[in-house]
Amino acid sequence: MADDMDRVFKALADASRRRLLDLLHADQGQTLGALAARLDMTRQAVSQHLALLEAANLVATVKRGREKLHYLNPVPIHDIQARWIGKFERPRLDALAELKTRLEGEQDG
Amino acid sequence: MAKHTYVYVTYIRSTPEKVWEALTDAAISASYWERENVSDWKVGSDWQHRLPGKSPDVVGKVLESDPPNRLVTSWAPPSEPADPAKTSHCAFDIEDLNGKVRLTVTHSDLDDQGLKDVSGGWPAVLSNLKTLLETGRTLPDPFGAVEGHPES
């Protein structure tokens, strides 16, 4: 868990990678070539940045034919938001405790 | 009108069976998603997404159903359930990575309004699903930070 979040913060700690996320936020599903054309960077450098972003789960890729399309995946960023912005000390609901029992009880099925 | 695709990925310490159940069981889906997913999940069947006991907010068909690996549904507003222009498609791919599950949600054919509706919602739903399956409880007020957030 800590490793996952470390990867997210390391991936975000670079202006070029944040710029790549901005480009995907504006226009989802771009190829490496399209992204490289919009940045003052070599294709190889963009490819390395994208690999880091993908390892941090900030970018998801989908293969379409011979093309690989890149999508901004905001789920890890939401996890960060939920960690520090949510209301954490609310009383827990009995129903959810029951749910835990139910989910854990099915492990040996 | 331009159509959009969004792809969301989350890694969950769970099993494909539990992730499948969480997506398809009405009571469990209501616990982390506010709304329950209701269907028999057979190909060709109807499915509904609704506040428990209320009329649906989303209706559609089950297009593919391969438990616990892949589920594809169509999404349409109940007022225009058969209008292709208003219908989007959502694929859930569940992959077992030895103790971890990669859940990929690919929501495609979204019009501008549909994109607005889902772009704030999916990350909250998936975060909460992950928390539920990993800890047995959901986040308090999971959608509090989303509601009223001006999603650009």
# chains A, B, ... in the order shown; residues from 1 in each chain; ligands from 1
>>> residues_around(residues="B:Glu36", least_positions_apart="2", cutoff="10 Å", atoms="only C-alpha atoms", output="list in words")
Leu23, Thr24, Asp25, Ala26, Ala27, Ile28, Ser29, Ala30, Ser31, Tyr32, Trp33, Glu34, Val38, Ser39, Gln48, His49, Arg50, Leu51, Pro52, Gly53, Lys54 and Pro56 of chain B
>>> residues_around(residues="B:Ser88", least_positions_apart="4", cutoff="10 Å", atoms="only C-alpha atoms", output="PDB file with N, CA and C atoms, in the first residue's frame")
ATOM      1  N   LYS B   3     -18.272  11.436 -28.905  1.00  0.00           N
ATOM      2  CA  LYS B   3     -18.411  10.361 -27.920  1.00  0.00           C
ATOM      3  C   LYS B   3     -17.076  10.149 -27.222  1.00  0.00           C
ATOM      4  N   HIS B   4     -17.165   9.859 -25.942  1.00  0.00           N
ATOM      5  CA  HIS B   4     -15.951   9.748 -25.143  1.00  0.00           C
ATOM      6  C   HIS B   4     -15.812   8.347 -24.552  1.00  0.00           C
ATOM      7  N   THR B   5     -14.563   7.999 -24.291  1.00  0.00           N
ATOM      8  CA  THR B   5     -14.275   6.763 -23.563  1.00  0.00           C
ATOM      9  C   THR B   5     -13.441   7.119 -22.339  1.00  0.00           C
ATOM     10  N   GLY B  60     -30.445  -0.773 -18.647  1.00  0.00           N
ATOM     11  CA  GLY B  60     -29.677  -1.278 -19.776  1.00  0.00           C
ATOM     12  C   GLY B  60     -29.790  -2.781 -19.896  1.00  0.00           C
ATOM     13  N   THR B  73     -22.172  -4.134 -19.873  1.00  0.00           N
ATOM     14  CA  THR B  73     -23.568  -3.696 -19.806  1.00  0.00           C
ATOM     15  C   THR B  73     -23.742  -2.435 -20.639  1.00  0.00           C
ATOM     16  N   SER B  74     -24.974  -2.226 -21.109  1.00  0.00           N
ATOM     17  CA  SER B  74     -25.298  -0.937 -21.714  1.00  0.00           C
ATOM     18  C   SER B  74     -25.953  -0.067 -20.650  1.00  0.00           C
ATOM     19  N   TRP B  75     -25.794   1.253 -20.821  1.00  0.00           N
ATOM     20  CA  TRP B  75     -26.314   2.231 -19.852  1.00  0.00           C
ATOM     21  C   TRP B  75     -27.149   3.260 -20.611  1.00  0.00           C
ATOM     22  N   ALA B  76     -28.401   3.420 -20.169  1.00  0.00           N
ATOM     23  CA  ALA B  76     -29.255   4.412 -20.820  1.00  0.00           C
ATOM     24  C   ALA B  76     -30.155   5.060 -19.771  1.00  0.00           C
ATOM     25  N   PRO B  77     -30.619   6.279 -20.054  1.00  0.00           N
ATOM     26  CA  PRO B  77     -31.565   6.892 -19.118  1.00  0.00           C
ATOM     27  C   PRO B  77     -32.908   6.176 -19.213  1.00  0.00           C
ATOM     28  N   PRO B  84     -30.028   4.945 -29.141  1.00  0.00           N
ATOM     29  CA  PRO B  84     -28.591   4.645 -29.221  1.00  0.00           C
ATOM     30  C   PRO B  84     -27.728   5.870 -28.927  1.00  0.00           C
ATOM     31  N   HIS B 107     -15.553   2.664 -19.853  1.00  0.00           N
ATOM     32  CA  HIS B 107     -16.887   3.223 -20.113  1.00  0.00           C
ATOM     33  C   HIS B 107     -16.807   4.000 -21.418  1.00  0.00           C
ATOM     34  N   SER B 108     -17.501   3.506 -22.436  1.00  0.00           N
ATOM     35  CA  SER B 108     -17.356   4.084 -23.775  1.00  0.00           C
ATOM     36  C   SER B 108     -18.699   4.551 -24.332  1.00  0.00           C
ATOM     37  N   ASP B 109     -18.615   5.274 -25.431  1.00  0.00           N
ATOM     38  CA  ASP B 109     -19.791   5.840 -26.106  1.00  0.00           C
ATOM     39  C   ASP B 109     -20.545   6.823 -25.222  1.00  0.00           C
ATOM     40  N   LEU B 110     -19.792   7.541 -24.398  1.00  0.00           N
ATOM     41  CA  LEU B 110     -20.413   8.543 -23.530  1.00  0.00           C
ATOM     42  C   LEU B 110     -20.567   9.848 -24.307  1.00  0.00           C
ATOM     43  N   ASP B 111     -21.757  10.444 -24.252  1.00  0.00           N
ATOM     44  CA  ASP B 111     -21.883  11.787 -24.817  1.00  0.00           C
ATOM     45  C   ASP B 111     -21.391  12.793 -23.767  1.00  0.00           C
ATOM     46  N   GLY B 114     -23.041  12.459 -20.445  1.00  0.00           N
ATOM     47  CA  GLY B 114     -22.666  11.207 -19.806  1.00  0.00           C
ATOM     48  C   GLY B 114     -21.264  11.281 -19.237  1.00  0.00           C
ATOM     49  N   LEU B 115     -20.373  11.932 -19.967  1.00  0.00           N
ATOM     50  CA  LEU B 115     -18.998  12.084 -19.516  1.00  0.00           C
ATOM     51  C   LEU B 115     -18.956  12.887 -18.217  1.00  0.00           C
TER      52      LEU B 115
END
>>> interface_residues(of="chain B", to="chain A", cutoff="6 Å", atoms="only C-alpha atoms", output="list in words")
Tyr8, Pro123, Ser127, Gly136, Arg137 and Pro140 of chain B
>>> atom_distance(atom1="atom CA of B:Asp93", atom2="atom CA of B:Ala2")
24.9 Å
>>> select_by_dssp(residues="stretch 14-151 of chain B", states="strand (DSSP E)", output="VMD selection string")
chain B and resid 36 to 38 46 to 50 58 to 66 70 to 75 88 to 96 101 to 110
>>> residues_around(residues="B:Trp41", least_positions_apart="4", cutoff="9 Å", atoms="only C-alpha atoms", output="VMD selection string")
chain B and resid 24 45 to 47 61 to 62 64 to 65 71
>>> atom_distance(atom1="atom CA of B:Thr106", atom2="atom CA of A:Val8")
21.4 Å
>>> closest_residue(among="A:Lys63, A:Lys10, A:Ala15, A:Trp84", to="A:Thr31", atoms="only C-alpha atoms")
A:Lys63
>>> residues_around(residues="stretch 40-49 of chain A", least_positions_apart="6", cutoff="8 Å", atoms="only C-alpha atoms", output="PyMOL selection string")
chain A and resi 16-17+32-33
>>> atom_distance(atom1="atom CA of B:Glu17", atom2="atom CA of B:Trp122")
20.6 Å
